[in-house]
$ cat final_35.tsv   # TSV, C-alpha atoms
chain	number	residue	atom	x	y	z
A	26	MET	CA	-4.45	-22.88	-4.99
A	27	ARG	CA	-4.25	-19.60	-6.93
A	28	ALA	CA	-7.44	-18.39	-5.27
A	29	ARG	CA	-6.14	-19.27	-1.80
A	30	LEU	CA	-2.80	-17.65	-2.55
A	31	SER	CA	-4.42	-14.45	-3.79
A	32	LEU	CA	-6.54	-14.32	-0.63
A	33	PHE	CA	-3.45	-14.90	1.52
A	34	VAL	CA	-1.52	-12.01	-0.01
A	35	TRP	CA	-4.54	-9.70	-0.16
A	36	LEU	CA	-5.33	-10.19	3.52
A	37	LEU	CA	-1.77	-9.51	4.55
A	38	LEU	CA	-1.44	-6.39	2.42
A	39	ALA	CA	-4.70	-4.93	3.58
A	40	ALA	CA	-4.04	-5.79	7.24
A	41	SER	CA	-0.47	-4.87	7.79
A	42	LEU	CA	1.38	-2.64	10.17
A	43	SER	CA	2.60	-1.75	13.63
A	44	LEU	CA	3.34	-3.52	16.89
A	45	PRO	CA	4.92	-3.02	20.32
A	46	ALA	CA	8.61	-2.23	20.63
A	47	GLN	CA	9.55	-5.71	21.84
A	48	ALA	CA	8.97	-7.08	18.34
A	49	GLU	CA	12.62	-6.37	17.54
A	50	GLY	CA	11.77	-3.19	15.70
A	51	LEU	CA	9.06	-4.84	13.63
A	52	PHE	CA	7.20	-1.56	13.25
A	53	ALA	CA	9.81	0.97	14.32
A	54	LEU	CA	10.03	3.99	12.02
A	55	GLU	CA	13.13	5.99	11.18
A	56	TRP	CA	12.52	9.70	10.58
A	57	LYS	CA	14.18	11.99	8.07
A	58	GLU	CA	13.61	15.71	7.46
A	59	LEU	CA	13.21	16.29	3.72
A	60	ALA	CA	12.73	20.08	3.88
A	61	ARG	CA	12.01	22.59	6.61
A	62	GLY	CA	8.99	21.20	8.44
A	63	VAL	CA	8.56	18.14	6.20
A	64	TRP	CA	9.39	14.75	7.73
A	65	VAL	CA	9.04	11.19	6.47
A	66	GLY	CA	8.89	8.11	8.70
A	67	GLN	CA	9.93	4.80	7.14
A	68	ARG	CA	10.75	1.28	8.22
A	69	PRO	CA	14.26	0.42	7.00
A	70	ASP	CA	13.25	-2.99	5.61
A	71	PRO	CA	10.23	-2.45	3.32
A	72	MET	CA	9.87	-6.17	2.55
A	73	ARG	CA	9.39	-7.35	6.13
A	74	TYR	CA	5.90	-8.55	7.07
A	75	PRO	CA	3.53	-7.08	7.89
A	76	VAL	CA	4.18	-4.28	5.42
A	77	VAL	CA	4.47	-0.75	6.85
A	78	CYS	CA	3.53	2.36	4.90
A	79	ASN	CA	5.60	5.53	4.75
A	80	THR	CA	4.20	8.41	6.83
A	81	VAL	CA	4.68	12.10	6.02
A	82	ILE	CA	4.40	14.97	8.52
A	83	VAL	CA	3.96	18.50	7.10
A	84	GLU	CA	4.14	21.51	9.41
A	85	GLY	CA	2.57	24.90	8.73
A	86	ARG	CA	2.25	28.02	10.81
A	87	ASP	CA	-1.17	26.98	12.14
A	88	GLY	CA	-0.91	23.22	12.41
A	89	ILE	CA	0.24	19.81	11.19
A	90	LEU	CA	-0.96	17.60	8.35
A	91	VAL	CA	-0.16	13.88	8.44
A	92	PHE	CA	-0.29	11.87	5.20
A	93	ASP	CA	-0.86	8.11	5.77
A	94	ALA	CA	-0.58	7.86	9.54
A	95	GLY	CA	-0.34	4.06	9.44
A	96	GLY	CA	-2.30	0.86	9.51
A	97	PHE	CA	-2.08	-0.21	13.15
A	98	PRO	CA	-2.29	1.87	16.33
A	99	ALA	CA	1.38	1.31	17.14
A	100	GLN	CA	2.37	3.32	14.08
A	101	GLY	CA	-0.13	6.05	14.90
A	102	GLU	CA	1.40	6.21	18.38
A	103	GLN	CA	4.85	6.69	16.89
A	104	VAL	CA	3.56	9.46	14.64
A	105	PHE	CA	1.97	11.19	17.63
A	106	ALA	CA	5.24	10.95	19.56
A	107	LYS	CA	7.17	12.46	16.64
A	108	VAL	CA	4.71	15.35	16.28
A	109	LYS	CA	4.93	16.12	20.00
A	110	ALA	CA	8.73	16.05	19.83
A	111	LEU	CA	8.72	18.49	16.90
A	112	THR	CA	6.14	21.10	17.88
A	113	PRO	CA	3.31	22.06	20.26
A	114	LYS	CA	1.10	22.72	17.22
A	115	PRO	CA	-1.96	20.50	16.77
A	116	VAL	CA	-2.56	17.95	14.05
A	117	THR	CA	-5.33	19.57	11.99
A	118	HIS	CA	-5.55	17.14	9.04
A	119	ILE	CA	-4.97	13.42	8.56
A	120	VAL	CA	-4.94	12.43	4.88
A	121	ILE	CA	-5.61	8.85	3.75
A	122	SER	CA	-4.05	8.04	0.38
A	123	HIS	CA	-6.37	5.08	-0.36
A	124	TRP	CA	-8.57	2.54	1.40
A	125	HIS	CA	-6.08	-0.30	1.98
A	126	GLY	CA	-5.86	-0.79	5.72
A	127	ASP	CA	-2.09	-0.53	6.08
A	128	HIS	CA	-2.48	3.20	5.40
A	129	ASN	CA	-5.33	4.19	7.70
A	130	ARG	CA	-6.30	1.88	10.55
A	131	GLY	CA	-3.68	3.36	12.86
A	132	ILE	CA	-5.04	6.89	13.01
A	133	GLN	CA	-7.11	6.57	16.19
A	134	PRO	CA	-4.24	7.51	18.57
A	135	LEU	CA	-3.82	10.77	16.65
A	136	LEU	CA	-7.55	11.48	16.83
A	137	ASP	CA	-7.58	10.74	20.55
A	138	ALA	CA	-4.85	13.34	21.02
A	139	PHE	CA	-6.26	15.81	18.46
A	140	PRO	CA	-10.04	15.28	18.34
A	141	GLY	CA	-10.48	18.33	16.13
A	142	ALA	CA	-8.39	16.89	13.32
A	143	LYS	CA	-10.14	16.43	9.99
A	144	VAL	CA	-9.74	13.06	8.22
A	145	VAL	CA	-9.46	13.59	4.46
A	146	SER	CA	-9.74	11.15	1.55
A	147	HIS	CA	-11.13	10.65	-1.93
A	148	THR	CA	-14.87	9.91	-1.97
A	149	PHE	CA	-14.34	6.34	-3.18
A	150	THR	CA	-11.90	5.66	-0.35
A	151	ARG	CA	-14.53	6.53	2.23
A	152	ASP	CA	-17.09	4.34	0.45
A	153	ALA	CA	-14.66	1.40	0.33
A	154	MET	CA	-13.76	1.77	4.01
A	155	LEU	CA	-17.43	1.66	5.01
A	156	GLY	CA	-18.37	-0.95	2.39
A	157	ALA	CA	-17.50	-4.52	1.55
A	158	PRO	CA	-13.81	-4.09	0.60
A	159	MET	CA	-12.64	-2.96	4.04
A	160	GLN	CA	-15.31	-4.59	6.18
A	161	SER	CA	-14.83	-8.11	4.82
A	162	ILE	CA	-11.06	-7.97	5.24
A	163	PHE	CA	-11.36	-6.55	8.74
A	164	LYS	CA	-13.61	-9.40	9.80
A	165	ALA	CA	-11.22	-12.04	8.44
A	166	GLU	CA	-8.29	-10.45	10.24
A	167	ARG	CA	-10.07	-10.27	13.57
A	168	ASP	CA	-10.99	-13.93	13.16
A	169	GLY	CA	-7.29	-14.77	13.48
A	170	GLY	CA	-6.11	-14.18	9.92
A	171	ALA	CA	-2.47	-13.49	10.78
A	172	LEU	CA	-2.15	-16.60	12.96
A	173	LYS	CA	-3.90	-18.83	10.42
A	174	THR	CA	-1.62	-17.66	7.65
A	175	ALA	CA	1.45	-18.19	9.83
A	176	GLU	CA	0.33	-21.76	10.55
A	177	SER	CA	-0.02	-22.43	6.81
A	178	VAL	CA	3.46	-21.05	6.20
A	179	LYS	CA	4.84	-23.20	9.02
A	180	LYS	CA	3.36	-26.35	7.51
A	181	ALA	CA	4.80	-25.50	4.10
A	182	LEU	CA	8.25	-24.87	5.57
A	183	ALA	CA	8.20	-28.31	7.19
A	184	ASP	CA	8.24	-29.70	3.64
A	185	ASP	CA	10.84	-27.17	2.45
A	186	LYS	CA	8.15	-25.42	0.42
A	187	ALA	CA	6.69	-21.97	0.04
A	188	ILE	CA	2.97	-21.53	0.64
A	189	ASP	CA	2.30	-22.02	-3.09
A	190	GLY	CA	4.03	-25.43	-3.02
A	191	SER	CA	7.23	-24.36	-4.79
A	192	SER	CA	10.71	-24.93	-3.39
A	193	ILE	CA	12.46	-22.24	-1.37
A	194	SER	CA	16.01	-21.02	-0.90
A	195	ALA	CA	17.82	-20.71	2.43
A	196	ALA	CA	17.30	-16.93	2.32
A	197	GLU	CA	13.57	-17.41	1.87
A	198	ARG	CA	13.41	-19.88	4.75
A	199	ALA	CA	14.92	-17.28	7.08
A	200	TYR	CA	12.42	-14.70	5.82
A	201	TRP	CA	9.40	-16.93	6.47
A	202	GLU	CA	10.69	-18.09	9.85
A	203	ARG	CA	10.83	-14.45	10.91
A	204	PHE	CA	7.31	-14.00	9.53
A	205	ILE	CA	6.06	-16.86	11.73
A	206	ALA	CA	7.81	-15.45	14.79
A	207	ASP	CA	6.16	-12.05	14.26
A	208	ALA	CA	2.64	-13.40	13.75
A	209	GLU	CA	1.45	-13.45	17.38
A	210	LEU	CA	2.34	-9.79	17.92
A	211	HIS	CA	0.86	-8.95	14.53
A	212	GLN	CA	-2.44	-10.55	15.50
A	213	ALA	CA	-2.46	-8.78	18.86
A	214	GLU	CA	-2.11	-5.43	17.13
A	215	ILE	CA	-4.90	-6.30	14.69
A	216	MET	CA	-7.21	-6.52	17.68
A	217	ARG	CA	-6.40	-2.89	18.60
A	218	MET	CA	-7.04	-1.31	15.21
A	219	THR	CA	-10.18	0.53	14.16
A	220	ILE	CA	-11.81	1.81	10.99
A	221	VAL	CA	-12.28	5.58	11.13
A	222	ALA	CA	-14.33	7.05	8.31
A	223	PRO	CA	-13.04	10.23	6.63
A	224	THR	CA	-14.87	13.41	7.56
A	225	ILE	CA	-13.92	15.36	4.40
A	226	THR	CA	-13.90	13.86	0.91
A	227	PHE	CA	-13.20	15.18	-2.57
A	228	ASP	CA	-13.21	13.85	-6.12
A	229	ARG	CA	-10.51	15.68	-8.08
A	230	GLU	CA	-8.47	18.16	-6.05
A	231	LEU	CA	-8.27	19.83	-2.67
A	232	ASP	CA	-5.82	22.44	-1.36
A	233	ILE	CA	-5.22	22.69	2.38
A	234	ASP	CA	-3.74	25.88	3.86
A	235	LEU	CA	-1.70	25.09	6.95
A	236	GLY	CA	-0.64	28.70	7.36
A	237	GLY	CA	2.25	29.78	5.17
A	238	ARG	CA	2.27	26.38	3.45
A	239	THR	CA	-0.31	24.94	1.07
A	240	VAL	CA	-0.64	21.18	0.62
A	241	GLN	CA	-2.11	20.08	-2.69
A	242	LEU	CA	-4.11	16.85	-2.80
A	243	ARG	CA	-4.82	15.44	-6.24
A	244	HIS	CA	-6.71	12.49	-7.70
A	245	PHE	CA	-5.10	11.79	-11.07
A	246	GLY	CA	-7.38	8.87	-11.98
A	247	TRP	CA	-7.82	5.19	-11.27
A	248	GLY	CA	-4.49	3.58	-10.42
A	249	ASN	CA	-3.70	1.24	-7.55
A	250	THR	CA	-7.32	1.87	-6.50
A	251	LYS	CA	-10.20	4.03	-7.73
A	252	GLY	CA	-9.54	6.55	-4.98
A	253	ASP	CA	-5.79	7.19	-4.95
A	254	VAL	CA	-4.75	10.56	-3.51
A	255	VAL	CA	-1.34	12.05	-4.33
A	256	MET	CA	0.07	14.85	-2.13
A	257	THR	CA	2.30	17.53	-3.64
A	258	LEU	CA	4.32	20.28	-2.01
A	259	GLY	CA	5.02	22.61	-4.89
A	260	ALA	CA	7.73	24.83	-3.44
A	261	GLU	CA	9.71	21.87	-2.15
A	262	ARG	CA	8.95	19.72	-5.21
A	263	ILE	CA	8.06	16.80	-2.94
A	264	VAL	CA	5.38	14.27	-3.91
A	265	ALA	CA	3.86	11.56	-1.70
A	266	ALA	CA	2.40	8.97	-4.05
A	267	GLY	CA	0.64	6.47	-1.79
A	268	ASP	CA	0.63	3.02	-3.37
A	269	THR	CA	0.59	4.33	-6.93
A	270	VAL	CA	4.34	3.88	-6.41
A	271	VAL	CA	5.74	1.08	-4.22
A	272	ALA	CA	9.36	-0.08	-4.24
A	273	PRO	CA	11.26	-2.30	-4.67
A	274	VAL	CA	8.33	-4.27	-6.12
A	275	PRO	CA	4.86	-2.81	-6.81
A	276	TYR	CA	1.49	-4.02	-5.51
A	277	GLY	CA	-0.98	-5.01	-8.23
A	278	PHE	CA	-4.09	-6.06	-6.31
A	279	GLY	CA	-7.44	-4.91	-7.68
A	280	SER	CA	-5.85	-2.18	-9.78
A	281	TYR	CA	-6.30	-0.59	-13.22
A	282	PRO	CA	-3.08	-1.00	-15.25
A	283	GLU	CA	-3.71	1.21	-18.27
A	284	SER	CA	-5.19	4.08	-16.25
A	285	TRP	CA	-2.52	3.60	-13.59
A	286	ALA	CA	0.20	4.27	-16.19
A	287	SER	CA	-1.53	7.57	-16.99
A	288	VAL	CA	-1.59	8.45	-13.28
A	289	LEU	CA	2.16	7.90	-13.11
A	290	LYS	CA	2.67	10.20	-16.09
A	291	ARG	CA	0.74	12.90	-14.21
A	292	ILE	CA	3.03	12.37	-11.23
A	293	LYS	CA	6.06	12.75	-13.50
A	294	ASP	CA	4.58	16.02	-14.78
A	295	THR	CA	4.96	17.50	-11.27
A	296	ARG	CA	8.73	17.50	-11.88
A	297	TYR	CA	9.34	16.28	-8.35
A	298	VAL	CA	12.76	16.31	-6.75
A	299	THR	CA	11.77	13.78	-4.09
A	300	LEU	CA	9.09	11.11	-4.51
A	301	ILE	CA	7.85	9.34	-1.38
A	302	PRO	CA	6.39	5.93	-2.29
A	303	GLY	CA	3.63	4.30	-0.28
A	304	HIS	CA	6.26	1.76	0.78
A	305	GLY	CA	9.97	1.60	0.20
A	306	PRO	CA	12.89	4.00	-0.26
A	307	LEU	CA	12.70	7.59	-1.42
A	308	LEU	CA	13.09	8.19	-5.17
A	309	THR	CA	15.04	11.14	-6.54
A	310	ASP	CA	14.68	10.56	-10.30
A	311	THR	CA	12.09	9.09	-12.66
A	312	SER	CA	13.79	5.80	-13.56
A	313	TYR	CA	11.66	3.58	-11.31
A	314	VAL	CA	8.45	5.39	-12.28
A	315	ASP	CA	9.39	4.97	-15.94
A	316	LEU	CA	9.84	1.23	-15.33
A	317	LEU	CA	6.40	1.05	-13.70
A	318	ILE	CA	4.80	2.85	-16.64
A	319	GLU	CA	6.47	0.52	-19.13
A	320	THR	CA	5.39	-2.53	-17.14
A	321	LEU	CA	1.78	-1.47	-16.69
A	322	GLN	CA	1.37	-0.57	-20.34
A	323	SER	CA	2.83	-3.92	-21.35
A	324	VAL	CA	0.49	-5.84	-19.04
A	325	ALA	CA	-2.57	-3.90	-20.20
A	326	ALA	CA	-1.75	-4.46	-23.86
A	327	GLN	CA	-0.96	-8.17	-23.51
A	328	VAL	CA	-3.92	-9.04	-21.29
A	329	GLY	CA	-6.33	-6.94	-23.36
A	330	ALA	CA	-5.35	-8.71	-26.57
A	331	LEU	CA	-5.51	-12.18	-25.02
A	332	ALA	CA	-8.86	-11.52	-23.36
A	333	ALA	CA	-10.24	-10.25	-26.68
A	334	GLU	CA	-9.28	-13.60	-28.21
A	335	GLY	CA	-11.46	-15.31	-25.61
A	336	LYS	CA	-8.62	-16.77	-23.57
A	337	SER	CA	-9.38	-17.92	-20.02
A	338	LEU	CA	-7.71	-16.28	-17.05
A	339	ASP	CA	-5.47	-19.33	-16.56
A	340	ALA	CA	-4.41	-19.21	-20.21
A	341	VAL	CA	-3.71	-15.49	-19.94
A	342	ARG	CA	-1.59	-16.03	-16.83
A	343	GLU	CA	0.52	-18.53	-18.73
A	344	ALA	CA	0.91	-16.29	-21.77
A	345	VAL	CA	1.76	-12.87	-20.31
A	346	ASP	CA	5.49	-12.20	-20.70
A	347	PHE	CA	7.30	-10.32	-17.91
A	348	SER	CA	10.80	-11.27	-19.04
A	349	LYS	CA	11.76	-7.76	-20.21
A	350	VAL	CA	10.85	-6.09	-16.93
A	351	GLU	CA	11.06	-8.61	-14.10
A	352	PRO	CA	14.89	-8.65	-13.79
A	353	ARG	CA	14.87	-4.87	-13.48
A	354	PHE	CA	12.68	-5.16	-10.37
A	355	THR	CA	14.21	-8.25	-8.76
A	356	HIS	CA	17.90	-8.09	-9.80
A	357	GLY	CA	18.05	-11.86	-9.24
A	358	ASP	CA	17.27	-11.62	-5.52
A	359	PRO	CA	15.23	-14.71	-4.49
A	360	ILE	CA	13.00	-12.86	-2.03
A	361	LEU	CA	12.25	-10.03	-4.45
A	362	THR	CA	11.58	-12.63	-7.14
A	363	ARG	CA	9.10	-14.40	-4.88
A	364	PHE	CA	7.28	-11.22	-3.98
A	365	PHE	CA	7.29	-9.80	-7.49
A	366	SER	CA	5.21	-12.85	-8.33
A	367	LEU	CA	2.98	-12.69	-5.22
A	368	PHE	CA	2.52	-8.93	-5.01
A	369	PHE	CA	2.49	-8.03	-8.67
A	370	LYS	CA	2.54	-10.64	-11.44
A	371	GLN	CA	-0.36	-12.75	-10.22
A	372	PRO	CA	-2.68	-9.96	-9.04
A	373	ILE	CA	-1.97	-7.53	-11.88
A	374	VAL	CA	-2.90	-10.11	-14.52
A	375	GLN	CA	-6.13	-10.84	-12.65
A	376	ALA	CA	-6.86	-7.12	-12.30
A	377	ALA	CA	-6.18	-6.43	-15.99
A	378	TYR	CA	-8.29	-9.42	-17.02
A	379	ASN	CA	-11.18	-8.20	-14.89
A	380	VAL	CA	-10.94	-4.76	-16.50
A	381	ALA	CA	-10.93	-6.32	-19.98
A	382	LYS	CA	-13.96	-8.46	-19.15
A	383	GLY	CA	-15.91	-5.73	-17.35
A	384	ILE	CA	-15.61	-7.40	-13.94
A	385	GLU	CA	-15.55	-5.04	-10.97
A	386	ASN	CA	-12.23	-5.00	-9.11
A	387	GLU	CA	-13.45	-3.04	-6.07
A	388	LYS	CA	-17.08	-3.89	-5.57
A	389	LEU	CA	-18.59	-1.89	-2.70
A	390	THR	CA	-21.61	-4.05	-1.88
A	391	GLU	CA	-20.11	-7.52	-1.80
A	392	ASP	CA	-16.80	-9.29	-2.36
A	393	ALA	CA	-15.55	-8.60	-5.87
A	394	GLY	CA	-16.07	-11.52	-8.21
A	395	ALA	CA	-13.07	-13.41	-9.53
A	396	ALA	CA	-12.76	-14.26	-13.19
A	397	LYS	CA	-12.91	-17.95	-14.08
$ encode --input "final_35.tsv" --output "structure tokens"
Amino acid sequence: MRARLSLFVWLLLAASLSLPAQAEGLFALEWKELARGVWVGQRPDPMRYPVVCNTVIVEGRDGILVFDAGGFPAQGEQVFAKVKALTPKPVTHIVISHWHGDHNRGIQPLLDAFPGAKVVSHTFTRDAMLGAPMQSIFKAERDGGALKTAESVKKALADDKAIDGSSISAAERAYWERFIADAELHQAEIMRMTIVAPTITFDRELDIDLGGRTVQLRHFGWGNTKGDVVMTLGAERIVAAGDTVVAPVPYGFGSYPESWASVLKRIKDTRYVTLIPGHGPLLTDTSYVDLLIETLQSVAAQVGALAAEGKSLDAVREAVDFSKVEPRFTHGDPILTRFFSLFFKQPIVQAAYNVAKGIENEKLTEDAGAAK
């Protein structure tokens, strides 16, 4: 059951994003100008499925850079429409924060409109997109993954259960019923998406001059993935973090907890005024990042010690204590509690255990092995 559940959540996270307008705003973005020529597009409800990443548009004198243009073509189309409404300048750069599909498989509409645009990522991100991590997920999705998952959820709801067999609240039932209703449009949009390999890669840092405005791209280390890219705008003190920061609950799949905490400290060192997470609301102080650091360090320490004692993964799952941090993420909300478990507690323990045991979390040549 745990293996099936992990697969279920992983497929959804890696697949998610945009759809046509008739889906009751399922993928509709709201735009906000953060500084002159800097815009962020966000979906108001970050917890709705399929998850939708935040998109950032940065305008310079010579052109436009887009950071995380979206996972499905419908989001890329919205980004294109926003750019055209703002300026006649071309999109010159499309930056991918990491390989997870909800941040990059919607860029084709932008490339169709601006064929000269350069697609930029960390070297590992390009390798993962062309290798087993992205390719295996893409195949499962195109084989009807969204519809199959929705059918499993429907069967569970008939017994007043969640997909993991636990009981659900009335609020959760409404959430999952909406998920089922959205699945057909979600699957239709999956069939439109494409994998577009980056044309420029880097390993540590890259500065892009847009004309009168320099965008700094930095890889601070292994975090949510091995290839996380953080974008900083120094003069405006704006940072776009990709999925190294996700709110209101983080994503822990295939990550590197101890190193990730160090990445977050590097982000804090930028002394940002506005932090744009990969998903969720804008952050204007360090309190949430501090909570993430505390949580990741706690998980790494607990799992490392238990693994060193020879404990099995199942035994480690039972032993790791989240009681000091979980209420500060969920605030007692039943849906946030459910997804803190699905998105973070279960996968982060697995990820930390793999690191402790020397098991590859993001294997490029075949599906990553799961610890037993």
$ residues_around --input "final_35.tsv" --residues "Gly88 of chain A" --least-positions-apart "4" --cutoff "7 Å" --atoms "all atoms listed in the file" --output "VMD selection string"
chain A and resid 84 114 to 117 235
$ residues_around --input "final_35.tsv" --residues "segment 145-147 of chain A" --least-positions-apart "4" --cutoff "6 Å" --atoms "only C-alpha atoms" --output "list in words"
Val120, Ile121, Pro223, Ile225, Thr226, Phe227, Asp228 and Gly252 of chain A
$ closest_residue --input "final_35.tsv" --among "A:Phe365, A:Tyr378, A:Phe204, A:Tyr297" --to "Tyr281 of chain A" --atoms "all atoms listed in the file"
A:Tyr378
$ closest_residue --input "final_35.tsv" --among "A:Ile89, A:Ser348, A:Thr311, A:Trp124" --to "Gly156 of chain A" --atoms "all atoms listed in the file"
A:Trp124
$ closest_residue --input "final_35.tsv" --among "A:Gly236, A:Val314, A:Ile119, A:Pro306" --to "Asp294 of chain A" --atoms "all atoms listed in the file"
A:Val314
$ residues_around --input "final_35.tsv" --residues "Arg353 of chain A" --least-positions-apart "2" --cutoff "10 Å" --atoms "all atoms listed in the file" --output "number ranges by chain"
A: 273-274, 313, 316, 348-351, 355-357
$ write_last_selection --input "final_35.tsv" --atoms "C-alpha atoms" --output "short mmCIF file (atom, residue, chain, number, x, y, z; two decimals), in the frame of the given file"
data_model
loop_
_atom_site.label_atom_id
_atom_site.label_comp_id
_atom_site.auth_asym_id
_atom_site.auth_seq_id
_atom_site.Cartn_x
_atom_site.Cartn_y
_atom_site.Cartn_z
CA PRO A 273 11.26 -2.30 -4.67
CA VAL A 274 8.33 -4.27 -6.12
CA TYR A 313 11.66 3.58 -11.31
CA LEU A 316 9.84 1.23 -15.33
CA SER A 348 10.80 -11.27 -19.04
CA LYS A 349 11.76 -7.76 -20.21
CA VAL A 350 10.85 -6.09 -16.93
CA GLU A 351 11.06 -8.61 -14.10
CA THR A 355 14.21 -8.25 -8.76
CA HIS A 356 17.90 -8.09 -9.80
CA GLY A 357 18.05 -11.86 -9.24
#
$ atom_distance --input "final_35.tsv" --atom1 "atom CA of Trp64 of chain A" --atom2 "atom CA of Thr219 of chain A"
25.0 Å
$ residues_around --input "final_35.tsv" --residues "Glu319 of chain A" --least-positions-apart "2" --cutoff "12 Å" --atoms "all atoms listed in the file" --output "list in words"
Pro282, Glu283, Trp285, Ala286, Ser287, Leu289, Lys290, Ser312, Tyr313, Val314, Asp315, Leu316, Leu317, Leu321, Gln322, Ser323, Val324, Ala325, Ala326, Phe347, Lys349, Val350, Glu351 and Arg353 of chain A
$ residues_around --input "final_35.tsv" --residues "segment 104-106 of chain A" --least-positions-apart "4" --cutoff "9 Å" --atoms "only C-alpha atoms" --output "MDAnalysis selection string"
chainID A and resid 54 66 80 82 91 94:95 99:100 110:111 116 134:135 138
$ atom_distance --input "final_35.tsv" --atom1 "atom CA of Lys143 of chain A" --atom2 "atom CA of Leu90 of chain A"
9.4 Å
$ closest_residue --input "final_35.tsv" --among "A:Pro140, A:Pro98, A:Gly62, A:Pro372" --to "Asn249 of chain A" --atoms "all atoms listed in the file"
A:Pro372
$ closest_residue --input "final_35.tsv" --among "A:Leu155, A:Leu331, A:Ala60, A:Ile292" --to "Ala377 of chain A" --atoms "all atoms listed in the file"
A:Leu331
